[in-house]
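coords.cif, holding mmCIF, C-alpha atoms:
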data_start
loop_
_atom_site.label_atom_id
_atom_site.label_comp_id
_atom_site.auth_asym_id
_atom_site.auth_seq_id
_atom_site.Cartn_x
_atom_site.Cartn_y
_atom_site.Cartn_z
CA MET A 1192 0.00 0.00 0.00
CA ASN A 1193 1.37 3.43 -0.93
CA GLU A 1194 -0.48 5.53 1.60
CA THR A 1195 -1.35 4.74 5.18
CA PRO A 1196 -5.13 4.79 5.47
CA ASN A 1197 -6.69 6.37 8.52
CA PRO A 1198 -6.87 3.49 11.03
CA ILE A 1199 -10.35 4.50 12.22
CA TRP A 1200 -11.59 4.30 8.64
CA SER A 1201 -9.95 0.88 8.20
CA LEU A 1202 -11.75 -0.32 11.33
CA ILE A 1203 -15.12 0.92 10.08
CA THR A 1204 -14.82 -0.65 6.63
CA THR A 1205 -13.27 -3.90 7.90
CA PHE A 1206 -15.81 -4.64 10.61
CA GLY A 1207 -18.78 -3.06 8.85
CA LEU A 1208 -18.29 -5.47 5.99
CA MET A 1209 -17.45 -8.41 8.27
CA SER A 1210 -20.67 -7.78 10.20
CA LEU A 1211 -22.72 -8.79 7.16
CA PHE A 1212 -20.60 -11.86 6.43
CA ALA A 1213 -20.23 -13.20 9.97
CA VAL A 1214 -22.32 -16.29 9.45
CA GLY A 1215 -22.53 -18.15 12.76
CA GLY A 1216 -21.67 -15.17 14.94
CA ALA A 1217 -18.49 -13.57 16.21
CA ASN A 1218 -16.65 -16.81 17.01
CA ALA A 1219 -17.04 -17.94 13.41
CA ALA A 1220 -15.45 -14.73 12.18
CA ILE A 1221 -12.22 -15.24 14.17
CA PRO A 1222 -10.22 -16.48 11.13
CA GLU A 1223 -11.21 -13.40 9.14
CA MET A 1224 -10.35 -11.10 12.08
CA HIS A 1225 -6.99 -12.86 12.39
CA ARG A 1226 -6.32 -12.62 8.66
CA ILE A 1227 -7.04 -8.89 8.63
CA ALA A 1228 -5.50 -7.91 11.98
CA VAL A 1229 -2.33 -10.04 11.75
CA ASP A 1230 -1.68 -10.81 8.07
CA VAL A 1231 -3.15 -7.89 6.10
CA HIS A 1232 -2.79 -4.81 8.34
CA HIS A 1233 -0.14 -6.07 10.82
CA TRP A 1234 -2.07 -4.48 13.66
CA MET A 1235 -0.77 -7.15 16.07
CA SER A 1236 1.27 -10.34 16.33
CA ASP A 1237 -0.11 -13.85 16.32
CA ARG A 1238 0.61 -14.08 20.06
CA GLN A 1239 -1.20 -10.83 20.81
CA PHE A 1240 -4.19 -12.06 18.86
CA ALA A 1241 -4.35 -15.21 20.98
CA ASP A 1242 -4.04 -13.06 24.13
CA ILE A 1243 -6.88 -10.82 22.99
CA TYR A 1244 -9.04 -13.82 22.24
CA ALA A 1245 -8.35 -15.16 25.74
CA ILE A 1246 -9.20 -11.82 27.35
CA SER A 1247 -12.46 -11.56 25.39
CA GLN A 1248 -13.48 -15.04 26.52
CA LEU A 1249 -12.59 -14.26 30.10
CA SER A 1250 -14.85 -11.19 30.18
CA PRO A 1251 -18.60 -11.37 30.54
CA GLY A 1252 -20.80 -10.19 27.70
CA PRO A 1253 -21.21 -11.12 24.06
CA ASN A 1254 -18.33 -12.76 22.18
CA VAL A 1255 -18.27 -9.83 19.79
CA LEU A 1256 -16.23 -7.88 22.36
CA ILE A 1257 -13.04 -9.29 20.84
CA VAL A 1258 -13.67 -6.61 18.21
CA THR A 1259 -13.54 -3.97 20.96
CA LEU A 1260 -10.09 -5.24 21.92
CA ILE A 1261 -8.83 -5.21 18.33
CA GLY A 1262 -10.18 -1.68 17.93
CA TYR A 1263 -8.39 -0.59 21.11
CA ALA A 1264 -5.10 -2.08 19.94
CA VAL A 1265 -5.39 -0.17 16.66
CA ALA A 1266 -6.65 3.25 17.79
CA GLY A 1267 -7.28 3.44 21.54
CA PHE A 1268 -10.69 4.12 23.06
CA GLY A 1269 -12.07 5.71 19.89
CA GLY A 1270 -11.00 2.68 17.90
CA ALA A 1271 -12.58 0.34 20.43
CA ILE A 1272 -15.97 2.05 20.23
CA VAL A 1273 -15.92 2.54 16.45
CA ALA A 1274 -14.92 -1.08 15.76
CA THR A 1275 -17.63 -2.44 18.07
CA LEU A 1276 -20.36 -0.31 16.51
CA ALA A 1277 -19.16 -1.15 12.98
CA MET A 1278 -19.42 -4.85 13.79
CA CYS A 1279 -22.86 -4.58 15.41
CA VAL A 1280 -24.89 -1.88 13.70
CA PRO A 1281 -25.20 -3.15 10.08
CA THR A 1282 -26.36 -6.60 11.09
CA ALA A 1283 -28.57 -5.24 13.88
CA ALA A 1284 -30.30 -2.97 11.38
CA LEU A 1285 -30.74 -5.93 9.05
CA ALA A 1286 -32.19 -8.03 11.88
CA TYR A 1287 -34.58 -5.22 12.76
CA TYR A 1288 -35.96 -4.98 9.22
CA VAL A 1289 -36.09 -8.73 8.59
CA SER A 1290 -37.93 -9.35 11.86
CA ARG A 1291 -40.56 -6.76 10.88
CA LEU A 1292 -40.86 -8.34 7.45
CA LEU A 1293 -41.24 -11.86 8.80
CA ARG A 1294 -43.92 -10.95 11.29
CA ARG A 1295 -46.24 -10.32 8.36
CA GLN A 1296 -45.66 -13.53 6.41
CA THR A 1297 -44.44 -16.44 8.49
CA LYS A 1298 -45.54 -19.23 6.10
CA SER A 1299 -42.42 -18.99 3.94
CA PRO A 1300 -40.15 -22.07 4.14
CA TRP A 1301 -37.06 -20.01 3.37
CA PRO A 1302 -36.01 -18.96 6.88
CA ALA A 1303 -35.81 -22.65 7.84
CA ILE A 1304 -33.97 -23.57 4.63
CA ILE A 1305 -31.46 -20.75 5.02
CA GLN A 1306 -30.90 -21.64 8.64
CA SER A 1307 -30.17 -25.31 8.01
CA ALA A 1308 -28.01 -24.44 5.00
CA LEU A 1309 -25.84 -22.18 7.16
CA VAL A 1310 -25.27 -24.70 9.97
CA PRO A 1311 -22.49 -26.73 8.27
CA LEU A 1312 -20.79 -23.51 7.16
CA SER A 1313 -20.85 -22.13 10.73
CA ILE A 1314 -19.31 -25.32 12.07
CA GLY A 1315 -16.55 -25.24 9.44
CA LEU A 1316 -15.84 -21.61 10.30
CA MET A 1317 -15.70 -22.26 14.04
CA ALA A 1318 -13.42 -25.25 13.53
CA ALA A 1319 -11.13 -22.95 11.54
CA SER A 1320 -11.31 -20.45 14.43
CA ALA A 1321 -10.20 -23.13 16.86
CA LEU A 1322 -7.30 -24.10 14.59
CA ILE A 1323 -6.08 -20.54 14.18
CA VAL A 1324 -6.13 -19.65 17.88
CA ALA A 1325 -4.64 -23.06 18.72
CA GLN A 1326 -1.67 -22.43 16.43
CA ALA A 1327 -0.74 -19.44 18.59
CA ALA A 1328 -1.77 -20.85 21.97
CA ASP A 1329 -0.67 -24.48 21.84
CA THR A 1330 3.06 -24.04 21.59
CA ASN A 1331 4.07 -27.10 23.61
CA TRP A 1332 2.72 -30.51 24.58
CA THR A 1333 1.38 -29.57 28.01
CA ALA A 1334 -0.57 -26.77 26.33
CA VAL A 1335 -2.06 -29.23 23.84
CA ILE A 1336 -3.00 -31.62 26.64
CA LEU A 1337 -4.63 -28.79 28.62
CA THR A 1338 -6.60 -27.72 25.53
CA LEU A 1339 -7.86 -31.24 24.90
CA ALA A 1340 -8.70 -31.75 28.58
CA VAL A 1341 -10.75 -28.53 28.67
CA ALA A 1342 -12.51 -29.57 25.45
CA ALA A 1343 -13.39 -32.96 26.96
CA VAL A 1344 -14.69 -31.49 30.23
CA ALA A 1345 -16.67 -28.78 28.45
CA PHE A 1346 -18.17 -31.37 26.12
CA ALA A 1347 -19.12 -33.85 28.82
CA THR A 1348 -20.30 -31.54 31.62
CA ARG A 1349 -22.32 -28.36 32.05
CA LEU A 1350 -19.62 -26.71 34.12
CA ASN A 1351 -19.52 -22.90 33.79
CA PRO A 1352 -16.82 -22.17 31.15
CA LEU A 1353 -15.38 -19.48 33.40
CA TRP A 1354 -14.04 -22.13 35.81
CA LEU A 1355 -12.24 -23.89 32.97
CA LEU A 1356 -10.63 -20.65 31.84
CA LEU A 1357 -9.57 -19.82 35.39
CA ALA A 1358 -8.18 -23.34 35.83
CA GLY A 1359 -6.13 -22.79 32.66
CA GLY A 1360 -4.89 -19.46 34.03
CA LEU A 1361 -3.93 -21.10 37.32
CA LEU A 1362 -1.97 -23.85 35.57
CA GLY A 1363 -0.24 -21.14 33.56
CA LEU A 1364 0.54 -19.19 36.71
CA VAL A 1365 2.30 -22.11 38.38
CA GLY A 1366 4.37 -22.48 35.24
CA LEU A 1367 2.93 -25.64 33.73
CA ILE A 1368 2.08 -24.14 30.33
CA MET B 570 -19.39 -20.01 23.33
CA SER B 571 -21.44 -23.08 23.97
CA SER B 572 -24.41 -21.26 25.33
CA GLU B 573 -24.64 -19.12 22.17
CA MET B 574 -25.77 -22.18 20.31
CA PRO B 575 -29.45 -22.80 19.69
CA SER B 576 -29.52 -25.64 22.15
CA ALA B 577 -32.64 -27.67 22.64
CA ALA B 578 -34.78 -25.40 24.75
CA PRO B 579 -35.53 -26.67 28.22
CA PRO B 580 -39.25 -27.34 28.42
CA ALA B 581 -40.88 -24.11 29.44
CA PRO B 582 -42.48 -24.03 32.83
CA ASP B 583 -46.10 -24.07 31.78
CA LEU B 584 -47.06 -20.45 31.84
CA PRO B 585 -50.39 -19.37 30.49
CA LEU B 586 -50.08 -16.32 28.24
CA SER B 587 -51.78 -14.15 30.80
CA THR B 588 -48.83 -14.41 33.19
CA LYS B 589 -46.65 -12.44 30.77
CA THR B 590 -45.86 -9.12 32.38
CA PRO B 591 -46.59 -5.84 30.61
CA ALA B 592 -44.13 -4.52 28.01
CA PRO B 593 -40.95 -3.15 29.57
CA GLY B 594 -39.92 0.49 29.15
CA VAL B 595 -36.64 1.76 27.76
CA ILE B 596 -34.81 1.98 31.10
CA THR B 597 -36.05 -1.45 32.17
CA LEU B 598 -34.81 -2.90 28.87
CA PHE B 599 -31.39 -1.33 29.29
CA LEU B 600 -31.01 -2.55 32.87
CA ALA B 601 -32.31 -6.05 32.13
CA PHE B 602 -29.91 -6.58 29.21
CA ALA B 603 -27.01 -5.08 31.15
CA LYS B 604 -27.66 -7.58 33.94
CA MET B 605 -27.92 -10.58 31.60
CA SER B 606 -24.81 -9.51 29.74
CA LEU B 607 -22.65 -8.99 32.83
CA ALA B 608 -23.74 -12.38 34.17
CA GLY B 609 -22.93 -14.01 30.84
CA PHE B 610 -19.49 -15.51 31.12
CA GLY B 611 -18.82 -17.62 28.05
CA GLY B 612 -21.89 -16.49 26.17
CA VAL B 613 -24.98 -14.54 27.03
CA LEU B 614 -27.71 -16.66 25.41
CA ALA B 615 -28.46 -18.89 28.39
CA PHE B 616 -28.73 -15.84 30.63
CA ALA B 617 -30.90 -14.01 28.11
CA ARG B 618 -33.26 -16.97 27.98
CA ARG B 619 -33.43 -17.13 31.76
CA GLY B 620 -33.98 -13.38 32.10
CA ILE B 621 -36.53 -12.90 29.33
CA VAL B 622 -38.55 -16.11 29.70
CA ASP B 623 -38.26 -17.23 33.33
CA GLU B 624 -37.50 -14.11 35.33
CA HIS B 625 -39.32 -11.25 33.58
CA ARG B 626 -41.81 -13.38 31.59
CA TRP B 627 -41.71 -11.00 28.65
CA MET B 628 -41.88 -13.91 26.20
CA THR B 629 -42.88 -17.55 26.28
CA ALA B 630 -40.11 -20.08 25.66
CA GLU B 631 -41.56 -20.70 22.21
CA GLU B 632 -41.58 -17.03 21.26
CA PHE B 633 -38.01 -16.78 22.49
CA ASN B 634 -36.89 -19.73 20.36
CA GLU B 635 -38.56 -18.28 17.28
CA THR B 636 -36.90 -14.92 17.83
CA PHE B 637 -33.54 -16.54 18.39
CA ALA B 638 -33.87 -18.74 15.29
CA LEU B 639 -34.35 -15.60 13.22
CA CYS B 640 -31.28 -13.97 14.76
CA HIS B 641 -29.23 -17.10 14.26
CA PHE B 642 -29.75 -17.35 10.53
CA LEU B 643 -28.88 -13.69 10.04
CA PRO B 644 -25.18 -12.84 9.96
CA GLY B 645 -23.42 -11.02 12.77
CA PRO B 646 -23.31 -11.53 16.52
CA ASN B 647 -26.52 -13.47 17.27
CA ILE B 648 -27.13 -12.14 20.71
CA VAL B 649 -26.68 -8.55 19.49
CA ASN B 650 -29.31 -9.17 16.83
CA LEU B 651 -31.56 -10.70 19.47
CA SER B 652 -31.29 -7.67 21.74
CA VAL B 653 -32.28 -5.30 18.92
CA VAL B 654 -35.15 -7.45 17.65
CA PHE B 655 -36.44 -8.02 21.18
CA GLY B 656 -36.10 -4.43 22.30
CA SER B 657 -37.74 -3.02 19.17
CA ARG B 658 -40.67 -5.38 19.53
CA PHE B 659 -41.52 -3.71 22.83
CA GLY B 660 -40.24 -0.20 22.43
CA GLY B 661 -39.72 0.50 18.72
CA ILE B 662 -36.33 1.78 17.63
CA ALA B 663 -35.67 3.38 21.04
CA GLY B 664 -36.33 0.04 22.72
CA GLY B 665 -33.96 -1.71 20.31
CA ILE B 666 -31.22 0.80 21.01
CA ALA B 667 -31.79 0.57 24.78
CA ALA B 668 -31.52 -3.24 24.78
CA PHE B 669 -28.42 -3.10 22.55
CA ALA B 670 -26.78 -0.44 24.73
CA GLY B 671 -27.46 -2.53 27.83
CA LEU B 672 -26.06 -5.68 26.24
CA VAL B 673 -22.88 -4.15 24.83
CA GLY B 674 -22.19 -0.99 26.87
CA PRO B 675 -21.32 -2.20 30.38
CA PRO B 676 -19.22 -5.25 29.36
CA MET B 677 -17.50 -3.06 26.77
CA VAL B 678 -16.36 -0.68 29.51
CA LEU B 679 -15.05 -3.69 31.43
CA VAL B 680 -13.21 -5.04 28.38
CA MET B 681 -11.64 -1.64 27.73
CA ILE B 682 -10.30 -1.60 31.29
CA LEU B 683 -8.79 -5.03 30.64
CA ALA B 684 -7.36 -3.70 27.35
CA VAL B 685 -5.60 -0.87 29.21
CA LEU B 686 -4.22 -3.31 31.78
CA TYR B 687 -3.04 -5.62 29.00
CA ALA B 688 -1.35 -2.74 27.16
CA HIS B 689 0.55 -1.81 30.36
CA PHE B 690 1.29 -5.18 31.90
CA GLY B 691 0.89 -7.61 28.99
CA GLN B 692 4.62 -8.23 28.76
CA LEU B 693 5.04 -9.16 32.44
CA GLU B 694 6.24 -12.74 32.78
CA VAL B 695 3.53 -13.69 35.29
CA LEU B 696 0.73 -12.37 33.10
CA ARG B 697 2.22 -14.03 30.02
CA HIS B 698 1.99 -17.40 31.78
CA ILE B 699 -1.56 -16.82 33.00
CA LEU B 700 -2.73 -15.69 29.56
CA ALA B 701 -1.04 -18.68 27.93
CA GLY B 702 -3.04 -20.99 30.18
CA ILE B 703 -6.30 -19.11 29.58
CA SER B 704 -5.72 -19.19 25.81
CA CYS B 705 -5.42 -22.97 25.91
CA GLY B 706 -8.64 -23.16 27.89
CA ALA B 707 -10.41 -20.84 25.45
CA VAL B 708 -9.37 -23.02 22.49
CA GLY B 709 -10.58 -26.09 24.36
CA LEU B 710 -14.00 -24.48 24.93
CA LEU B 711 -14.26 -23.63 21.24
CA ILE B 712 -13.39 -27.22 20.26
CA ALA B 713 -16.14 -28.48 22.58
CA VAL B 714 -18.66 -26.16 20.92
CA VAL B 715 -17.63 -27.38 17.47
CA VAL B 716 -17.99 -31.03 18.49
CA LYS B 717 -21.39 -30.38 20.09
CA MET B 718 -22.63 -28.70 16.90
CA LEU B 719 -21.17 -31.49 14.81
CA MET B 720 -23.02 -34.31 16.59
CA PRO B 721 -26.45 -33.79 14.94
CA LEU B 722 -24.81 -33.80 11.48
CA LEU B 723 -23.01 -37.06 12.27
CA LYS B 724 -26.15 -38.66 13.68
CA ARG B 725 -28.17 -37.70 10.61
CA ARG B 726 -25.33 -38.97 8.34
CA ASP B 727 -25.63 -35.64 6.56
CA VAL B 728 -22.87 -36.33 4.02
CA ALA B 729 -23.43 -33.16 1.98
CA GLY B 730 -23.33 -31.04 5.15
CA LEU B 731 -20.15 -32.72 6.37
CA ILE B 732 -18.42 -32.20 3.01
CA LEU B 733 -19.40 -28.52 2.99
CA MET B 734 -18.17 -28.15 6.55
CA VAL B 735 -14.78 -29.66 5.73
CA ALA B 736 -14.52 -27.56 2.57
CA VAL B 737 -15.14 -24.35 4.54
CA PHE B 738 -12.67 -25.46 7.20
CA VAL B 739 -9.96 -26.10 4.60
CA ALA B 740 -10.64 -22.88 2.68
CA ILE B 741 -10.66 -20.64 5.77
CA GLY B 742 -8.47 -22.50 8.30
CA LEU B 743 -5.77 -23.98 6.05
CA MET B 744 -5.81 -21.95 2.83
CA ARG B 745 -6.62 -18.73 4.72
CA TRP B 746 -8.80 -17.43 1.93
CA PRO B 747 -10.89 -14.30 2.59
CA LEU B 748 -14.25 -14.93 4.26
CA GLN B 749 -16.35 -13.03 1.72
CA ALA B 750 -14.98 -14.95 -1.26
CA VAL B 751 -15.48 -18.32 0.43
CA LEU B 752 -19.02 -17.52 1.56
CA LEU B 753 -20.04 -16.13 -1.83
CA VAL B 754 -19.42 -19.62 -3.18
CA ALA B 755 -20.36 -21.74 -0.15
CA VAL B 756 -23.68 -20.09 0.75
CA PRO B 757 -25.37 -20.53 -2.66
CA VAL B 758 -24.04 -24.10 -2.94
CA SER B 759 -25.32 -25.00 0.53
CA LEU B 760 -28.67 -23.32 -0.10
CA GLY B 761 -29.08 -25.21 -3.37
CA ILE B 762 -28.25 -28.56 -1.78
CA THR B 763 -30.55 -27.96 1.20
CA PHE B 764 -33.39 -26.89 -1.10
CA LEU B 765 -33.02 -29.92 -3.40
CA MET B 766 -32.74 -32.36 -0.48
CA ARG B 767 -35.94 -31.01 1.06
CA ARG B 768 -37.77 -31.34 -2.25
CA ARG B 769 -36.57 -34.91 -2.59
CA VAL B 770 -37.67 -35.78 0.95
CA LYS B 771 -41.06 -34.23 0.28
CA GLY B 772 -41.33 -36.07 -3.07
CA GLN B 773 -40.53 -39.36 -1.36
CA ALA B 774 -43.14 -38.69 1.29
CA LYS B 775 -45.75 -38.03 -1.41
CA GLU B 776 -44.87 -41.25 -3.24
CA GLN B 777 -45.22 -43.20 -0.03
CA VAL B 778 -48.65 -41.70 0.49
CA LYS B 779 -49.64 -42.72 -3.05
CA ALA B 780 -48.37 -46.28 -2.56
#
Can you present the structure in this file as structure tokens?
Amino acid sequence: MNETPNPIWSLITTFGLMSLFAVGGANAAIPEMHRIAVDVHHWMSDRQFADIYAISQLSPGPNVLIVTLIGYAVAGFGGAIVATLAMCVPTAALAYYVSRLLRRQTKSPWPAIIQSALVPLSIGLMAASALIVAQAADTNWTAVILTLAVAAVAFATRLNPLWLLLAGGLLGLVGLI
Amino acid sequence: MSSEMPSAAPPAPDLPLSTKTPAPGVITLFLAFAKMSLAGFGGVLAFARRGIVDEHRWMTAEEFNETFALCHFLPGPNIVNLSVVFGSRFGGIAGGIAAFAGLVGPPMVLVMILAVLYAHFGQLEVLRHILAGISCGAVGLLIAVVVKMLMPLLKRRDVAGLILMVAVFVAIGLMRWPLQAVLLVAVPVSLGITFLMRRRVKGQAKEQVKA
């Protein structure tokens, strides 16, 4: 690129567009966020991206808040707010209009068809998300074992995910990871 | 995370429609969504369901599921869509904005505080170790969500769905192609397959009726 674009503008266009393509929610858009933040714009390193993902999972609230953290890393508080709104507003407006439209004619089979058509794509996207964060996070064998153990416990039990994250943090603290 | 998935709804406590409370105002919407959101570690959906259906009785479980299904097939953060659709149903555009502000505002302030702390102390050895452990846990949680979502496809032996899933995984996870380009191909293909499969199932059902 010859000129440096205004970072705020990059955030708006990046996340505004991503908002409309984020099939399966924020966690399915992680690969695209990583591609843009690490590979295209070099806003952060691979490691920082994994850190940010961890912080966003540790905080309460919707998963979309990882976008707030990316925005902050790029352009401070203004960037955080702009990025979050860019990611939320286009799709929220769409949802508002579609929900009004569907209240009038609910006999159409298309919402159900679209929904079941998107399920396999969402799963593929989330699996890609897991791979991309794992490549930064799982740098040694104990880390891989911890990841698999958390996956097994989360799959088999209804334990609050927060405890699993904190357990991971504790194991990291005592130097096991 | 896991709770953002459209899980099988727990059977609603049998509430007659008349026990639904009157429509909430703008401030009530803001406060209710702020509370659900701040309670929602690892995904807000379960807390939203509890708050809207069980606690405030603004919707029946069925209405909630229908609203969520709509928000799930639309792109973007599902729970954000849900807050806007829900809020606007009761309070028009102002209600939608109030619910959205409640959902995103307070946890966003919290996350920004964490961002400042990370910017200042992120390089400290102790914090590096803790974050490394949390990252591993976060990946593990995501894997569990993927496996949980995958189970119905495996049980149904949905071969077309599984192939599409693997294709998207390879294109995005391994090839690192841009999301838009991949979806512009994958969405029409998946829609076409789903549509044709449904027609075939319906056709078979009709033939069976004839026979």
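Checking A:Ala1283, A:Ile1336, A:Ala1345, A:Leu1367 one by one against Gly665 in chain B, counting only C-alpha atoms, you find the shortest gap at A:Ala1283.
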Run the PyMOL selection byres ((chain A and resi 1237) around 10) mentally over the shown coordinates, then write out the matched residues as JSON, numbers by chain, using the chain letters and numbers from the document. {"A": [1225, 1226, 1228, 1229, 1230, 1233, 1234, 1235, 1236, 1238, 1239, 1240, 1241, 1242, 1243, 1323, 1324, 1326, 1327, 1328]}
Between B:Gly671, B:Pro593, B:Gly660, B:Gly709, which is the closest to chain A once you count only C-alpha atoms?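 When distances to chain A are compared using only C-alpha atoms, the smallest one comes from B:Gly709.
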Which residues are near Phe659 in chain B? Cut-off 12 Å, all atoms listed in the file, ignore same chain within fewer than 4 positions. Put them as an NGL selection string. :B and (590-595 or 597-598 or 627-628 or 652-655 or 663-668)
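Here the question is which of B:Ser759, B:Asn647, B:Ser704, B:Thr629 gets nearest to Leu1356 in chain A using all atoms listed in the file, and that residue is B:Ser704.
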Contacts of Gln1248 in chain A at 10 Å or less, counting all atoms listed in the file, minus same-chain residues fewer than 3 places along, as a PDB file with C-alpha atoms, in the frame of the given file?
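Ended up saving to result-v8.pdb:
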ATOM      1  CA  ASP A1242      -4.040 -13.060  24.130  1.00  0.00           C
ATOM      2  CA  ILE A1243      -6.880 -10.820  22.990  1.00  0.00           C
ATOM      3  CA  TYR A1244      -9.040 -13.820  22.240  1.00  0.00           C
ATOM      4  CA  ALA A1245      -8.350 -15.160  25.740  1.00  0.00           C
ATOM      5  CA  PRO A1251     -18.600 -11.370  30.540  1.00  0.00           C
ATOM      6  CA  GLY A1252     -20.800 -10.190  27.700  1.00  0.00           C
ATOM      7  CA  PRO A1253     -21.210 -11.120  24.060  1.00  0.00           C
ATOM      8  CA  ASN A1254     -18.330 -12.760  22.180  1.00  0.00           C
ATOM      9  CA  VAL A1255     -18.270  -9.830  19.790  1.00  0.00           C
ATOM     10  CA  LEU A1256     -16.230  -7.880  22.360  1.00  0.00           C
ATOM     11  CA  ILE A1257     -13.040  -9.290  20.840  1.00  0.00           C
ATOM     12  CA  PRO A1352     -16.820 -22.170  31.150  1.00  0.00           C
ATOM     13  CA  LEU A1353     -15.380 -19.480  33.400  1.00  0.00           C
ATOM     14  CA  LEU A1356     -10.630 -20.650  31.840  1.00  0.00           C
TER      15      LEU A1356
ATOM     16  CA  MET B 570     -19.390 -20.010  23.330  1.00  0.00           C
ATOM     17  CA  PHE B 610     -19.490 -15.510  31.120  1.00  0.00           C
ATOM     18  CA  GLY B 611     -18.820 -17.620  28.050  1.00  0.00           C
ATOM     19  CA  GLY B 612     -21.890 -16.490  26.170  1.00  0.00           C
ATOM     20  CA  ILE B 703      -6.300 -19.110  29.580  1.00  0.00           C
ATOM     21  CA  SER B 704      -5.720 -19.190  25.810  1.00  0.00           C
ATOM     22  CA  GLY B 706      -8.640 -23.160  27.890  1.00  0.00           C
ATOM     23  CA  ALA B 707     -10.410 -20.840  25.450  1.00  0.00           C
ATOM     24  CA  VAL B 708      -9.370 -23.020  22.490  1.00  0.00           C
ATOM     25  CA  LEU B 710     -14.000 -24.480  24.930  1.00  0.00           C
TER      26      LEU B 710
END
Of the listed residues A:Ile1203, A:Leu1292, A:Ala1342, A:Ala1274, that which approaches chain B most closely, counting all atoms listed in the file: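 Checking each candidate against chain B, we get A:Ala1342 as the closest.
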Counting all atoms listed in the file, which residue out of B:Val685, B:Cys705, B:Val673, B:Ala617 sits closest to Ala1334 in chain A?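 Going through B:Val685, B:Cys705, B:Val673, B:Ala617 one by one, the smallest distance to Ala1334 in chain A is for B:Cys705.
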Determine the nearest neighbour of chain B from the options A:Ser1299, A:Thr1330, A:Ser1210, A:Thr1275, counting only C-alpha atoms.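 Closest residue, counting only C-alpha atoms: A:Ser1210.
One distance worth recording is that between CA of Trp1332 in chain A and CA of Ile1246 in chain A, which is 22.3 Å.
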Listed atoms of range 598-611 of chain B boxed along x, y and z, 3 Å each side, centre and edge lengths in Å, one decimal, as JSON:
{"center_x": -26.8, "center_y": -9.5, "center_z": 31.1, "size_x": 22.0, "size_y": 22.3, "size_z": 12.1}
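Interatomic distance, CA of Gly1267 in chain A to CA of Leu1361 in chain A: 29.4 Å.
The coordinates place CA of Ala1308 in chain A at 21.1 Å from CA of Ala774 in chain B.
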Might you pull out every residue within 9 Å of Leu1208 in chain A, with only C-alpha atoms counted and same-chain residues fewer than 2 positions away left off, and present them as a list in words?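 Contacts, in chain order: Ile1203, Thr1204, Thr1205, Phe1206, Ser1210, Leu1211, Phe1212, Ala1213, Ala1277, Met1278 and Pro1281 of chain A; Gln749 of chain B.
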Quick check on the file I pasted: which residues fall under the PyMOL selection byres ((chain A and resi 1272) around 10)? Write them as a list in words.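 Here the PyMOL selection byres ((chain A and resi 1272) around 10) matches Val1258, Thr1259, Leu1260, Gly1262, Tyr1263, Ala1266, Gly1267, Phe1268, Gly1269, Gly1270, Ala1271, Val1273, Ala1274, Thr1275, Leu1276 and Ala1277 of chain A; Gly674, Met677, Val678 and Met681 of chain B.
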At a cut-off of 8 Å from (-2.1, -18.8, 30.0) in the coordinates of the file, what residues are picked up using all atoms listed in the file, written as a PyMOL selection string? (chain A and resi 1359-1364+1368) or (chain B and resi 696-705)
Go ahead and write the selection's residues with C-alpha atoms as a CSV table (one decimal), in the frame of the given file.
chain,number,residue,atom,x,y,z
A,1359,GLY,CA,-6.1,-22.8,32.7
A,1360,GLY,CA,-4.9,-19.5,34.0
A,1361,LEU,CA,-3.9,-21.1,37.3
A,1362,LEU,CA,-2.0,-23.8,35.6
A,1363,GLY,CA,-0.2,-21.1,33.6
A,1364,LEU,CA,0.5,-19.2,36.7
A,1368,ILE,CA,2.1,-24.1,30.3
B,696,LEU,CA,0.7,-12.4,33.1
B,697,ARG,CA,2.2,-14.0,30.0
B,698,HIS,CA,2.0,-17.4,31.8
B,699,ILE,CA,-1.6,-16.8,33.0
B,700,LEU,CA,-2.7,-15.7,29.6
B,701,ALA,CA,-1.0,-18.7,27.9
B,702,GLY,CA,-3.0,-21.0,30.2
B,703,ILE,CA,-6.3,-19.1,29.6
B,704,SER,CA,-5.7,-19.2,25.8
B,705,CYS,CA,-5.4,-23.0,25.9
Could you list the residues chosen by the PyMOL selection byres ((chain A and resi 1311-1313) around 8) in this structure as number ranges by chain? A: 1214-1215, 1219, 1307-1310, 1314-1317; B: 730-731, 733-734, 737, 755-756
How about saving the chosen residues, C-alpha atoms kept, as a CSV table (one decimal), keeping the file's coordinate frame?
chain,number,residue,atom,x,y,z
A,1214,VAL,CA,-22.3,-16.3,9.4
A,1215,GLY,CA,-22.5,-18.2,12.8
A,1219,ALA,CA,-17.0,-17.9,13.4
A,1307,SER,CA,-30.2,-25.3,8.0
A,1308,ALA,CA,-28.0,-24.4,5.0
A,1309,LEU,CA,-25.8,-22.2,7.2
A,1310,VAL,CA,-25.3,-24.7,10.0
A,1314,ILE,CA,-19.3,-25.3,12.1
A,1315,GLY,CA,-16.6,-25.2,9.4
A,1316,LEU,CA,-15.8,-21.6,10.3
A,1317,MET,CA,-15.7,-22.3,14.0
B,730,GLY,CA,-23.3,-31.0,5.2
B,731,LEU,CA,-20.2,-32.7,6.4
B,733,LEU,CA,-19.4,-28.5,3.0
B,734,MET,CA,-18.2,-28.2,6.6
B,737,VAL,CA,-15.1,-24.4,4.5
B,755,ALA,CA,-20.4,-21.7,-0.2
B,756,VAL,CA,-23.7,-20.1,0.8
